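Participant: My structure file upload17.cif, mmCIF, C-alpha atoms, is below:
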data_run
#
loop_
_atom_site.label_atom_id
_atom_site.label_comp_id
_atom_site.auth_asym_id
_atom_site.auth_seq_id
_atom_site.Cartn_x
_atom_site.Cartn_y
_atom_site.Cartn_z
CA MET A 1 -14.02 16.76 -4.20
CA THR A 2 -13.39 20.31 -5.39
CA ARG A 3 -10.30 21.28 -7.31
CA VAL A 4 -8.72 24.69 -7.03
CA ASP A 5 -8.83 26.20 -10.49
CA ASP A 6 -5.71 27.94 -11.67
CA ALA A 7 -6.38 31.62 -12.36
CA GLU A 8 -3.80 31.73 -15.09
CA SER A 9 -5.16 31.62 -18.58
CA THR A 10 -4.09 28.78 -20.81
CA VAL A 11 -4.46 30.95 -23.91
CA GLY A 12 -1.21 31.16 -25.79
CA ARG A 13 0.40 28.25 -23.99
CA SER A 14 1.89 25.49 -26.10
CA PRO A 15 0.43 21.95 -25.88
CA LEU A 16 3.79 20.73 -24.57
CA SER A 17 3.73 23.20 -21.66
CA LEU A 18 0.18 22.16 -20.79
CA LEU A 19 1.18 18.51 -20.79
CA ALA A 20 4.21 19.24 -18.60
CA ARG A 21 2.19 21.24 -16.09
CA PRO A 22 1.01 18.22 -14.00
CA LEU A 23 4.65 17.11 -13.66
CA ARG A 24 5.85 20.34 -12.05
CA PRO A 25 4.97 19.47 -8.43
CA TYR A 26 6.88 16.21 -8.75
CA ALA A 27 9.86 17.84 -10.48
CA ASP A 28 10.07 20.35 -7.62
CA ILE A 29 10.35 17.76 -4.87
CA PHE A 30 13.07 15.79 -6.65
CA ARG A 31 15.27 18.85 -6.90
CA ILE A 32 15.97 18.35 -3.19
CA PRO A 33 19.47 16.82 -2.81
CA GLY A 34 19.30 13.10 -2.14
CA ALA A 35 15.52 12.88 -2.52
CA TRP A 36 15.43 10.68 -5.62
CA ARG A 37 17.94 8.23 -4.14
CA PHE A 38 16.03 7.40 -0.96
CA SER A 39 12.74 7.40 -2.87
CA VAL A 40 13.96 4.93 -5.53
CA ALA A 41 15.64 2.77 -2.89
CA GLY A 42 12.42 2.71 -0.92
CA LEU A 43 10.49 1.72 -4.04
CA ILE A 44 12.76 -1.27 -4.68
CA GLY A 45 12.84 -2.29 -1.04
CA ARG A 46 9.06 -2.34 -0.64
CA MET A 47 8.35 -4.46 -3.71
CA PRO A 48 7.70 -7.48 -1.41
CA MET A 49 4.57 -5.81 -0.05
CA SER A 50 2.89 -6.72 -3.36
CA MET A 51 4.78 -9.96 -3.93
CA PHE A 52 5.43 -11.80 -0.70
CA GLY A 53 1.91 -12.69 0.42
CA LEU A 54 0.78 -13.66 -3.08
CA GLY A 55 4.03 -15.53 -3.68
CA THR A 56 3.50 -17.46 -0.44
CA VAL A 57 0.00 -18.47 -1.53
CA LEU A 58 1.25 -19.59 -4.95
CA LEU A 59 4.20 -21.49 -3.47
CA ILE A 60 2.19 -23.40 -0.86
CA SER A 61 -0.86 -24.02 -3.06
CA ALA A 62 1.42 -25.45 -5.78
CA SER A 63 2.86 -27.86 -3.23
CA THR A 64 -0.32 -28.80 -1.33
CA GLY A 65 -3.15 -27.91 -3.74
CA ARG A 66 -4.99 -26.12 -0.90
CA TYR A 67 -5.82 -22.41 -1.13
CA GLY A 68 -7.21 -22.39 2.40
CA MET A 69 -3.94 -23.57 3.95
CA ALA A 70 -1.91 -21.26 1.73
CA GLY A 71 -4.10 -18.32 2.68
CA ALA A 72 -3.77 -19.16 6.37
CA VAL A 73 0.04 -19.10 6.22
CA SER A 74 -0.05 -15.82 4.32
CA ALA A 75 -2.47 -14.51 6.95
CA ALA A 76 -0.02 -15.40 9.73
CA GLY A 77 2.64 -13.23 8.06
CA SER A 78 0.23 -10.34 7.52
CA LEU A 79 -0.96 -10.52 11.12
CA THR A 80 2.52 -10.45 12.63
CA TYR A 81 3.42 -7.55 10.33
CA ALA A 82 0.36 -5.67 11.50
CA PHE A 83 1.38 -6.00 15.14
CA SER A 84 5.11 -5.53 14.69
CA SER A 85 5.17 -2.55 12.29
CA PRO A 86 4.08 0.08 14.88
CA LEU A 87 6.70 -1.27 17.29
CA THR A 88 9.51 -1.17 14.74
CA ALA A 89 8.30 2.27 13.65
CA ARG A 90 8.54 3.46 17.26
CA LEU A 91 12.10 2.14 17.43
CA ALA A 92 12.94 3.89 14.14
CA ASP A 93 11.66 7.19 15.58
CA SER A 94 13.65 6.86 18.81
CA ARG A 95 16.83 5.08 17.66
CA GLY A 96 17.09 5.90 13.96
CA GLN A 97 15.97 4.13 10.81
CA ARG A 98 19.26 2.48 9.82
CA PRO A 99 19.89 0.18 12.83
CA VAL A 100 16.25 -0.94 12.91
CA LEU A 101 16.24 -1.71 9.19
CA LEU A 102 19.46 -3.75 9.30
CA VAL A 103 18.20 -5.96 12.14
CA THR A 104 14.75 -6.56 10.67
CA LEU A 105 16.22 -7.23 7.23
CA ALA A 106 18.50 -9.97 8.58
CA VAL A 107 15.59 -11.69 10.32
CA PHE A 108 13.39 -11.38 7.22
CA ALA A 109 16.00 -12.95 4.94
CA ALA A 110 16.60 -15.90 7.29
CA ALA A 111 12.88 -16.57 7.83
CA THR A 112 12.14 -16.41 4.09
CA ALA A 113 14.88 -18.94 3.36
CA ALA A 114 13.45 -21.22 6.05
CA LEU A 115 9.93 -20.98 4.60
CA ILE A 116 11.07 -21.86 1.09
CA ALA A 117 13.12 -24.79 2.41
CA ALA A 118 10.21 -26.13 4.46
CA VAL A 119 7.85 -26.10 1.47
CA LEU A 120 10.34 -27.60 -0.99
CA LEU A 121 11.31 -30.34 1.46
CA LYS A 122 7.62 -31.29 1.87
CA ALA A 123 7.59 -30.62 5.61
CA PRO A 124 4.27 -30.96 7.48
CA THR A 125 2.05 -27.97 6.73
CA TRP A 126 2.07 -26.79 10.35
CA VAL A 127 5.81 -26.16 9.97
CA PHE A 128 5.10 -23.44 7.40
CA PHE A 129 3.46 -21.14 9.94
CA ALA A 130 6.52 -20.25 12.04
CA PRO A 131 8.82 -19.00 9.24
CA GLY A 132 5.83 -17.45 7.43
CA ALA A 133 4.84 -15.47 10.52
CA ILE A 134 8.42 -14.41 11.31
CA ALA A 135 9.09 -13.33 7.72
CA GLY A 136 5.91 -11.25 7.66
CA GLY A 137 6.60 -9.66 11.03
CA SER A 138 10.18 -8.72 10.16
CA MET A 139 9.54 -7.31 6.68
CA PRO A 140 11.04 -3.78 6.71
CA SER A 141 8.37 -1.08 6.97
CA LEU A 142 9.80 1.20 4.30
CA SER A 143 6.50 2.76 3.24
CA ALA A 144 6.15 4.76 6.46
CA MET A 145 9.89 5.52 6.68
CA VAL A 146 10.01 7.00 3.17
CA ARG A 147 7.06 9.26 3.97
CA VAL A 148 8.67 10.39 7.21
CA ARG A 149 11.80 11.44 5.33
CA TRP A 150 9.60 13.55 3.05
CA SER A 151 7.81 14.99 6.10
CA VAL A 152 11.12 16.14 7.57
CA LEU A 153 12.48 17.52 4.32
CA LEU A 154 9.24 19.36 3.43
CA ALA A 155 7.98 20.27 6.88
CA GLY A 156 5.33 23.00 6.57
CA SER A 157 5.54 23.04 2.79
CA PRO A 158 2.56 22.48 0.47
CA ARG A 159 4.89 20.31 -1.63
CA LEU A 160 4.44 17.54 0.93
CA HIS A 161 1.10 16.83 -0.75
CA ALA A 162 2.93 16.02 -4.00
CA ALA A 163 5.52 13.91 -2.15
CA PHE A 164 2.86 11.79 -0.43
CA SER A 165 1.04 11.45 -3.73
CA PHE A 166 4.19 10.32 -5.51
CA GLU A 167 4.86 7.68 -2.86
CA SER A 168 1.32 6.38 -3.23
CA VAL A 169 1.89 6.16 -6.99
CA ALA A 170 5.14 4.32 -6.23
CA ASP A 171 3.18 1.93 -4.00
CA GLU A 172 0.81 1.27 -6.87
CA PHE A 173 3.74 0.72 -9.22
CA CYS A 174 4.73 -2.10 -6.89
CA PHE A 175 1.24 -3.54 -7.27
CA ILE A 176 1.35 -3.12 -11.05
CA VAL A 177 4.63 -4.98 -11.46
CA GLY A 178 4.68 -7.18 -8.37
CA PRO A 179 1.59 -9.41 -8.80
CA ALA A 180 2.30 -10.02 -12.49
CA ALA A 181 5.97 -10.77 -11.81
CA VAL A 182 5.39 -13.07 -8.85
CA THR A 183 2.61 -14.96 -10.66
CA LEU A 184 4.73 -15.54 -13.76
CA LEU A 185 7.75 -16.52 -11.69
CA ALA A 186 5.79 -18.95 -9.52
CA THR A 187 3.71 -20.52 -12.30
CA GLU A 188 6.06 -20.46 -15.28
CA VAL A 189 9.57 -20.65 -13.74
CA PHE A 190 9.50 -22.35 -10.33
CA PRO A 191 7.01 -22.19 -7.41
CA ALA A 192 9.61 -20.69 -5.05
CA ALA A 193 10.92 -18.16 -7.57
CA GLY A 194 8.32 -15.52 -6.71
CA VAL A 195 9.08 -15.46 -2.98
CA GLY A 196 12.81 -15.68 -3.63
CA VAL A 197 12.92 -12.71 -6.02
CA ALA A 198 10.78 -10.67 -3.62
CA ALA A 199 13.29 -11.30 -0.84
CA LEU A 200 16.24 -10.30 -3.05
CA LEU A 201 14.54 -7.03 -4.02
CA CYS A 202 13.84 -6.29 -0.38
CA LEU A 203 17.47 -6.96 0.51
CA ALA A 204 18.87 -4.71 -2.24
CA GLY A 205 16.45 -1.82 -1.76
CA THR A 206 16.59 -1.78 2.03
CA LEU A 207 20.39 -1.81 2.14
CA TRP A 208 20.48 1.11 -0.33
CA PHE A 209 17.84 3.01 1.66
CA ALA A 210 19.72 2.46 4.93
CA ALA A 211 22.93 3.72 3.29
CA GLU A 212 21.30 7.10 2.49
CA ARG A 213 22.32 8.70 5.78
CA ARG A 214 22.13 12.30 4.51
CA THR A 215 18.31 12.32 4.44
CA GLU A 216 17.75 10.07 7.45
CA PRO A 217 15.73 11.85 10.18
CA PRO A 218 17.64 12.16 13.45
CA PRO A 219 16.38 10.07 16.39
CA ALA A 220 13.75 11.99 18.32
CA ARG A 221 12.95 12.15 21.99
CA ARG A 222 9.97 9.97 22.76
CA ALA A 223 6.63 11.71 23.29
CA PRO A 224 3.21 10.37 24.31
CA MET A 225 1.22 8.94 21.41
CA PRO A 226 -1.30 11.55 20.27
CA ARG A 227 -4.88 10.66 21.05
CA GLY A 228 -5.93 11.60 17.53
CA VAL A 229 -3.87 8.78 16.01
CA HIS A 230 -6.21 6.28 17.63
CA ARG A 231 -9.39 7.82 16.30
CA GLY A 232 -10.81 9.16 13.05
CA ALA A 233 -8.57 8.30 10.11
CA ALA A 234 -6.77 5.59 12.03
CA ALA A 235 -9.92 3.83 13.27
CA PRO A 236 -8.80 0.18 13.34
CA GLY A 237 -12.10 -1.24 12.11
CA LEU A 238 -12.12 0.93 9.00
CA PHE A 239 -8.68 -0.08 7.76
CA VAL A 240 -9.03 -3.71 8.88
CA LEU A 241 -12.05 -4.04 6.63
CA LEU A 242 -10.29 -2.22 3.82
CA GLY A 243 -7.37 -4.66 4.05
CA ALA A 244 -9.77 -7.60 3.98
CA MET A 245 -11.34 -6.15 0.83
CA PHE A 246 -7.97 -5.81 -0.92
CA VAL A 247 -6.76 -9.33 -0.20
CA SER A 248 -10.14 -10.81 -1.11
CA ILE A 249 -9.90 -9.11 -4.51
CA ASP A 250 -6.39 -10.50 -5.02
CA LEU A 251 -7.21 -14.11 -4.18
CA SER A 252 -10.60 -14.05 -5.91
CA THR A 253 -8.95 -12.76 -9.08
CA ILE A 254 -6.47 -15.65 -9.05
CA SER A 255 -9.34 -18.10 -8.63
CA PHE A 256 -11.41 -16.32 -11.31
CA ALA A 257 -8.56 -16.50 -13.83
CA GLN A 258 -7.97 -20.15 -12.98
CA HIS A 259 -11.67 -20.86 -13.52
CA PHE A 260 -11.30 -19.66 -17.12
CA GLY A 261 -8.07 -21.61 -17.61
CA HIS A 262 -5.74 -18.59 -17.60
CA LYS A 263 -4.26 -18.49 -14.09
CA PRO A 264 -1.03 -16.67 -15.15
CA LEU A 265 -3.18 -13.72 -16.31
CA ALA A 266 -4.27 -13.04 -12.73
CA GLY A 267 -1.11 -11.06 -12.07
CA PHE A 268 -1.72 -8.93 -15.17
CA ILE A 269 -5.30 -8.22 -14.11
CA LEU A 270 -4.24 -7.23 -10.59
CA GLY A 271 -1.53 -5.07 -12.13
CA THR A 272 -4.22 -3.32 -14.18
CA TYR A 273 -6.09 -2.57 -10.96
CA ALA A 274 -2.94 -1.02 -9.53
CA LEU A 275 -2.33 0.89 -12.77
CA GLY A 276 -5.74 2.51 -12.38
CA SER A 277 -4.83 3.44 -8.82
CA ALA A 278 -1.50 4.91 -9.93
CA THR A 279 -3.25 6.96 -12.60
CA GLY A 280 -5.68 8.35 -10.05
CA GLY A 281 -2.91 9.05 -7.56
CA PHE A 282 -0.78 10.89 -10.12
CA TRP A 283 -3.71 13.09 -11.12
CA TYR A 284 -4.71 13.70 -7.50
CA GLY A 285 -1.19 14.74 -6.48
CA SER A 286 -0.74 17.18 -9.36
CA ARG A 287 -3.63 19.32 -8.11
CA GLN A 288 -4.38 21.42 -5.08
CA TRP A 289 -7.70 21.05 -3.31
CA ARG A 290 -10.09 23.39 -1.55
CA SER A 291 -12.22 20.71 0.08
CA SER A 292 -11.12 19.24 3.42
CA VAL A 293 -8.90 16.19 3.45
CA GLN A 294 -11.39 14.22 5.55
CA ASN A 295 -14.18 14.83 3.02
CA ARG A 296 -11.93 13.77 0.17
CA PHE A 297 -11.03 10.63 2.08
CA ALA A 298 -14.69 9.75 2.57
CA VAL A 299 -15.64 10.40 -1.07
CA ALA A 300 -12.68 8.46 -2.50
CA LEU A 301 -13.33 5.50 -0.18
CA THR A 302 -17.02 5.38 -1.09
CA LEU A 303 -16.25 5.45 -4.83
CA THR A 304 -13.70 2.67 -4.36
CA VAL A 305 -16.26 0.43 -2.69
CA ILE A 306 -18.91 1.13 -5.33
CA GLY A 307 -16.47 -0.07 -7.99
CA VAL A 308 -15.61 -3.26 -6.10
CA ALA A 309 -19.32 -4.10 -5.84
CA THR A 310 -19.36 -4.74 -9.62
CA PHE A 311 -16.63 -7.39 -9.73
CA TRP A 312 -18.76 -10.39 -8.86
CA ALA A 313 -21.01 -9.79 -11.91
CA GLN A 314 -18.26 -9.65 -14.57
CA PRO A 315 -18.85 -12.32 -17.25
CA ASN A 316 -15.25 -12.90 -18.33
CA LEU A 317 -11.63 -11.82 -17.90
CA VAL A 318 -11.80 -9.09 -20.57
CA THR A 319 -14.67 -7.20 -18.94
CA LEU A 320 -13.09 -7.70 -15.50
CA THR A 321 -9.80 -6.19 -16.69
CA CYS A 322 -11.51 -3.12 -18.18
CA CYS A 323 -13.72 -2.63 -15.14
CA ILE A 324 -10.94 -3.16 -12.64
CA TYR A 325 -8.81 -0.39 -14.18
CA VAL A 326 -11.61 2.19 -13.92
CA CYS A 327 -12.51 1.11 -10.41
CA GLY A 328 -8.88 1.40 -9.31
CA LEU A 329 -8.71 5.15 -10.01
CA THR A 330 -9.83 6.10 -6.49
CA ILE A 331 -7.64 3.74 -4.43
CA ALA A 332 -4.49 5.89 -4.30
CA PRO A 333 -6.42 9.10 -3.48
CA THR A 334 -8.03 7.22 -0.58
CA LEU A 335 -4.66 6.14 0.83
CA ILE A 336 -3.00 9.50 0.18
CA ALA A 337 -5.71 11.23 2.20
CA GLY A 338 -5.39 8.58 4.92
CA PHE A 339 -1.64 9.11 5.29
CA SER A 340 -2.14 12.88 5.26
CA LEU A 341 -4.65 12.67 8.12
CA LEU A 342 -2.23 10.59 10.17
CA GLU A 343 0.70 12.90 9.46
CA ALA A 344 -1.37 15.90 10.52
CA GLN A 345 -2.33 14.22 13.81
CA ALA A 346 1.14 12.97 14.73
CA GLN A 347 3.13 14.60 17.50
CA PRO A 348 6.75 15.61 16.79
CA GLY A 349 9.06 12.63 16.88
CA ARG A 350 6.29 10.06 16.38
CA SER A 351 5.54 10.41 12.67
CA THR A 352 6.76 6.94 11.64
CA GLU A 353 4.75 5.28 14.37
CA ALA A 354 1.66 7.33 13.58
CA MET A 355 1.69 6.51 9.88
CA ALA A 356 2.45 2.85 10.59
CA TRP A 357 -1.02 2.50 12.10
CA LEU A 358 -2.59 2.70 8.63
CA SER A 359 -0.45 -0.18 7.37
CA SER A 360 -1.03 -2.03 10.63
CA GLY A 361 -4.80 -1.84 10.31
CA ILE A 362 -4.69 -2.97 6.70
CA GLY A 363 -2.30 -5.77 7.70
CA VAL A 364 -4.79 -7.15 10.21
CA GLY A 365 -7.41 -7.09 7.47
CA LEU A 366 -5.06 -8.88 5.09
CA ALA A 367 -4.52 -11.58 7.69
CA GLY A 368 -8.15 -12.18 8.51
CA GLY A 369 -9.38 -11.66 4.98
CA SER A 370 -6.89 -14.01 3.30
CA SER A 371 -7.77 -16.79 5.70
CA VAL A 372 -11.54 -16.37 5.36
CA VAL A 373 -11.65 -15.81 1.62
CA GLY A 374 -9.34 -18.77 1.01
CA PHE A 375 -11.93 -21.12 2.48
CA ILE A 376 -14.73 -19.26 0.67
CA LEU A 377 -12.96 -19.82 -2.65
CA ASP A 378 -12.42 -23.51 -1.89
CA ALA A 379 -16.11 -23.97 -1.08
CA HIS A 380 -17.99 -21.52 -3.32
CA GLY A 381 -15.70 -20.09 -6.01
CA PRO A 382 -14.52 -16.62 -7.05
CA ARG A 383 -17.84 -14.83 -7.46
CA VAL A 384 -18.72 -15.36 -3.82
CA GLY A 385 -15.18 -14.26 -2.99
CA TYR A 386 -15.79 -10.98 -4.82
CA ALA A 387 -19.09 -10.58 -3.00
CA PHE A 388 -17.23 -11.00 0.29
CA ALA A 389 -14.74 -8.30 -0.80
CA ALA A 390 -17.63 -5.93 -1.60
CA SER A 391 -19.24 -6.55 1.80
CA CYS A 392 -15.97 -5.75 3.59
CA GLY A 393 -15.63 -2.54 1.58
CA ALA A 394 -19.22 -1.52 2.27
CA ALA A 395 -18.71 -1.97 6.00
CA SER A 396 -15.51 0.12 5.83
CA ALA A 397 -17.29 2.95 4.01
CA ALA A 398 -20.18 2.83 6.49
CA ILE A 399 -17.79 3.23 9.44
CA CYS A 400 -16.12 6.16 7.69
CA LEU A 401 -19.37 7.97 6.87
CA LEU A 402 -20.91 7.39 10.29
CA GLY A 403 -17.78 8.69 12.00
CA LEU A 404 -16.99 11.51 9.57
CA ARG A 405 -16.98 14.15 12.31
CA ARG A 406 -14.19 12.30 14.11
CA LEU A 407 -12.01 12.58 11.02
CA ARG A 408 -11.74 16.34 11.36
CA VAL A 409 -8.29 17.85 11.75
CA ASP A 410 -7.05 21.39 12.10
CA PRO A 411 -6.79 22.78 8.52
CA ALA A 412 -3.49 24.40 9.48
CA GLN A 413 -2.09 20.95 10.25
CA ALA A 414 -3.36 19.14 7.17
CA THR A 415 -0.41 19.13 4.80
CA ASP A 416 -2.58 17.49 2.15
CA GLN A 417 -4.39 20.78 1.71
CA GLY A 418 -1.73 21.75 -0.86
#
Show me, as structure tokens, the structure contained in the file I just sent.

Facilitator:
Amino acid sequence: MTRVDDAESTVGRSPLSLLARPLRPYADIFRIPGAWRFSVAGLIGRMPMSMFGLGTVLLISASTGRYGMAGAVSAAGSLTYAFSSPLTARLADSRGQRPVLLVTLAVFAAATAALIAAVLLKAPTWVFFAPGAIAGGSMPSLSAMVRVRWSVLLAGSPRLHAAFSFESVADEFCFIVGPAAVTLLATEVFPAAGVGVAALLCLAGTLWFAAERRTEPPPARRAPMPRGVHRGAAAPGLFVLLGAMFVSIDLSTISFAQHFGHKPLAGFILGTYALGSATGGFWYGSRQWRSSVQNRFAVALTLTVIGVATFWAQPNLVTLTCCIYVCGLTIAPTLIAGFSLLEAQAQPGRSTEAMAWLSSGIGVGLAGGSSVVGFILDAHGPRVGYAFAASCGAASAAICLLGLRRLRVDPAQATDQG
């Protein structure tokens, strides 16, 4: 990845001005009226994406003592989300974000309450699947909707690169705070507290986001789905495997921490992984790039997988925490480039749907991966779980590198070019 060097000399500049320089692209985008409000609301409303699946696993495993069953229920929610998010995104494009969000939010809240009740009342385990699947499928897809608002506000502007980068950092903030919070709530307060708090945050943030009508994109006339959205950066196999890698890391880390007698620290370790990703995303977004977005995507993905391949060999929680931070630095740049490729390929009026395919592919991977790795952990322990995560990542990188030519987009369309 090649950075564009600034021609301005730094001689004579104060240290404070040099430190403030990386913040300028982000300061510029938040000068837009209403931008900070919908962005903060979206951040609060999408906290459950880092809390709900993990909270479900902790809730059910505390009640049944079975990671495999807990992972299967979590997988059902991830799978329904993967299939429903492009459909709800299509409705948001054609009918507006607000009505779609209010309906899905009501269903999500009711299904979450039903899931918690079923577990606390010791219902048969098969009962958990219906509310778990409905809650996952109806979780508001704010990540794509926030990015679409930025796309409309900054259409044709190089500042869109900074906006997408900021939202990826915001995503990682969710994964810094979310896993630690849900683990502490579920293990130290009450098993259902993690899922319950996640639902309340979703309710508050989504209602605030829906109330921000000033920046809501107008409904668009429906257009045929662009062929490019179904190839290259949105290749289902690539992101399915990437999702399986992420969830395998999450569950293996919980098992690894439990093996050493410090299960509550799992959330902190996963938060450190997300902190590394946020650091990398912040740095990536503060710079402009000369290399193509598809090449940056391939390099960042490959580096991510190389880092994951070291997790299985870590001797203790201290070395894992240090390693996981460094290895997280390339995650956000990978996802930023992925969203940028999708945005560049989307036809007018289909941006939400186009970008939802990335989350959809990862969601399928989360579903399959959480189910498989749950049984791996029950049978073989966390090190084999980490090895499974590395194999999923390696397969994802191989698909990307073998199909690199199909990732190409028109440079004039690639807003991530800066």

Participant: For a quick check of understanding, using only C-alpha atoms, which of A:Pro382, A:Pro219, A:Gly137, A:Gly328 has the smallest distance to Gly281 (chain A)?

Facilitator: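 Ranked by minimum distance to Gly281 (chain A), first place goes to A:Gly328.
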
Participant: CA of Gly68 (chain A) and CA of Val364 (chain A), how far apart in Å?

Facilitator: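 If I compute the distance from CA of Val364 (chain A) to CA of Gly68 (chain A), I get 17.3 Å.
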
Participant: Do a neighbour search on region 117-133 of chain A at 8 Å with all atoms listed in the file, toss out local chain neighbours closer than 5 positions, and write the hits as a PDB file with C-alpha atoms, keeping the file's coordinate frame.

Facilitator:
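Ended up saving to result.pdb:
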ATOM      1  CA  LEU A  59       4.200 -21.490  -3.470  1.00  0.00           C
ATOM      2  CA  ILE A  60       2.190 -23.400  -0.860  1.00  0.00           C
ATOM      3  CA  SER A  63       2.860 -27.860  -3.230  1.00  0.00           C
ATOM      4  CA  MET A  69      -3.940 -23.570   3.950  1.00  0.00           C
ATOM      5  CA  VAL A  73       0.040 -19.100   6.220  1.00  0.00           C
ATOM      6  CA  SER A  74      -0.050 -15.820   4.320  1.00  0.00           C
ATOM      7  CA  ALA A  76      -0.020 -15.400   9.730  1.00  0.00           C
ATOM      8  CA  GLY A  77       2.640 -13.230   8.060  1.00  0.00           C
ATOM      9  CA  SER A  78       0.230 -10.340   7.520  1.00  0.00           C
ATOM     10  CA  LEU A  79      -0.960 -10.520  11.120  1.00  0.00           C
ATOM     11  CA  THR A  80       2.520 -10.450  12.630  1.00  0.00           C
ATOM     12  CA  ALA A 111      12.880 -16.570   7.830  1.00  0.00           C
ATOM     13  CA  THR A 112      12.140 -16.410   4.090  1.00  0.00           C
TER      14      THR A 112
END

Participant: From the list A:Ala397, A:Ala257, A:Ala210, A:Ala199, which residue is nearest Asn316 (chain A) when using all atoms listed in the file?

Facilitator: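 Smallest distance to Asn316 (chain A) is found for A:Ala257.
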
Participant: Go ahead and compute the interatomic distance for CA of Thr352 (chain A) and CA of Leu101 (chain A), in Å to one decimal.

Facilitator: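 Computed distance, CA of Thr352 (chain A) to CA of Leu101 (chain A), equals 13.1 Å.
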
Participant: Quick one: residues within 8 Å of region 190-193 of chain A, all atoms listed in the file, excluding same-chain residues fewer than 4 positions away - as an MDAnalysis selection string?

Facilitator: chainID A and resid 55 58:59 62 116 182 185:186 197

Participant: I need the residues from that last selection saved to file as an mmCIF file, in the coordinates of the input (with C-alpha atoms), if you can.

Facilitator:
data_model
loop_
_atom_site.group_PDB
_atom_site.id
_atom_site.type_symbol
_atom_site.label_atom_id
_atom_site.label_comp_id
_atom_site.auth_asym_id
_atom_site.auth_seq_id
_atom_site.Cartn_x
_atom_site.Cartn_y
_atom_site.Cartn_z
ATOM 1 C CA GLY A 55 4.030 -15.530 -3.680
ATOM 2 C CA LEU A 58 1.250 -19.590 -4.950
ATOM 3 C CA LEU A 59 4.200 -21.490 -3.470
ATOM 4 C CA ALA A 62 1.420 -25.450 -5.780
ATOM 5 C CA ILE A 116 11.070 -21.860 1.090
ATOM 6 C CA VAL A 182 5.390 -13.070 -8.850
ATOM 7 C CA LEU A 185 7.750 -16.520 -11.690
ATOM 8 C CA ALA A 186 5.790 -18.950 -9.520
ATOM 9 C CA VAL A 197 12.920 -12.710 -6.020
#

Participant: Nearest to Phe375 (chain A): which of A:Ala211, A:Ala72, A:Cys327, A:Ala89 is it, counting all atoms listed in the file?

Facilitator: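 Of A:Ala211, A:Ala72, A:Cys327, A:Ala89, the one nearest Phe375 (chain A), counting all atoms listed in the file, is A:Ala72.
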
Participant: Nearest residue to Trp312 (chain A) out of A:Val372, A:Val107, A:Ala390, A:Leu203, using all atoms listed in the file?

Facilitator: A:Ala390

Participant: With all atoms listed in the file as the counted atoms, please give the residues lying no more than 12 Å from Glu212 (chain A), apart from itself and same-chain residues fewer than 2 positions off, as a compact mmCIF listing (two decimals) with C-alpha atoms, in the frame of the given file.

Facilitator:
# COMPACT_ATOMS: atom_id res chain seq x y z
CA PRO A 33 19.47 16.82 -2.81
CA GLY A 34 19.30 13.10 -2.14
CA ALA A 35 15.52 12.88 -2.52
CA TRP A 36 15.43 10.68 -5.62
CA ARG A 37 17.94 8.23 -4.14
CA PHE A 38 16.03 7.40 -0.96
CA SER A 39 12.74 7.40 -2.87
CA VAL A 40 13.96 4.93 -5.53
CA ALA A 41 15.64 2.77 -2.89
CA GLY A 42 12.42 2.71 -0.92
CA GLN A 97 15.97 4.13 10.81
CA ARG A 98 19.26 2.48 9.82
CA VAL A 146 10.01 7.00 3.17
CA ARG A 149 11.80 11.44 5.33
CA GLY A 205 16.45 -1.82 -1.76
CA THR A 206 16.59 -1.78 2.03
CA LEU A 207 20.39 -1.81 2.14
CA TRP A 208 20.48 1.11 -0.33
CA PHE A 209 17.84 3.01 1.66
CA ALA A 210 19.72 2.46 4.93
CA ARG A 214 22.13 12.30 4.51
CA THR A 215 18.31 12.32 4.44
CA GLU A 216 17.75 10.07 7.45
CA PRO A 217 15.73 11.85 10.18

Participant: So which one's closest to Thr304 (chain A), A:Ser360, A:Ser286, A:Ser396, A:Ser255? Using all atoms listed in the file, please.

Facilitator: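 Ranked by minimum distance to Thr304 (chain A), first place goes to A:Ser396.
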
Participant: Name the residues that the PyMOL selection byres ((chain A and resi 264) around 9) picks from the file above, as a PyMOL selection string, using the file's chain letters and numbers.

Facilitator: chain A and resi 180+183-184+187-188+254+257-258+261-263+265-268

Participant: Evaluate the PyMOL selection byres ((chain A and resi 177) around 9) and record the selected residues as a list in words, following the chain and residue labels used in the document.

Facilitator: Met47, Ser50, Glu172, Phe173, Cys174, Phe175, Ile176, Gly178, Pro179, Ala180, Ala181, Val182, Gly267, Phe268, Gly271 and Ala274 of chain A

Participant: Suppose a student applies the PyMOL selection byres ((chain A and resi 329-341) around 6) to this structure; what residues should they get, written as a CSV table (one decimal) with C-alpha atoms, in the coordinates of the input?

Facilitator:
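Everything below was put into out33.csv:
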chain,number,residue,atom,x,y,z
A,165,SER,CA,1.0,11.4,-3.7
A,168,SER,CA,1.3,6.4,-3.2
A,276,GLY,CA,-5.7,2.5,-12.4
A,277,SER,CA,-4.8,3.4,-8.8
A,280,GLY,CA,-5.7,8.4,-10.0
A,281,GLY,CA,-2.9,9.0,-7.6
A,297,PHE,CA,-11.0,10.6,2.1
A,300,ALA,CA,-12.7,8.5,-2.5
A,301,LEU,CA,-13.3,5.5,-0.2
A,304,THR,CA,-13.7,2.7,-4.4
A,326,VAL,CA,-11.6,2.2,-13.9
A,327,CYS,CA,-12.5,1.1,-10.4
A,328,GLY,CA,-8.9,1.4,-9.3
A,342,LEU,CA,-2.2,10.6,10.2
A,343,GLU,CA,0.7,12.9,9.5
A,344,ALA,CA,-1.4,15.9,10.5
A,416,ASP,CA,-2.6,17.5,2.2

Participant: For Thr302 (chain A), which residue out of A:Ala163, A:Leu241, A:Leu401, A:Ile269 is the nearest one, using all atoms listed in the file?

Facilitator: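 Ranked by minimum distance to Thr302 (chain A), first place goes to A:Leu401.
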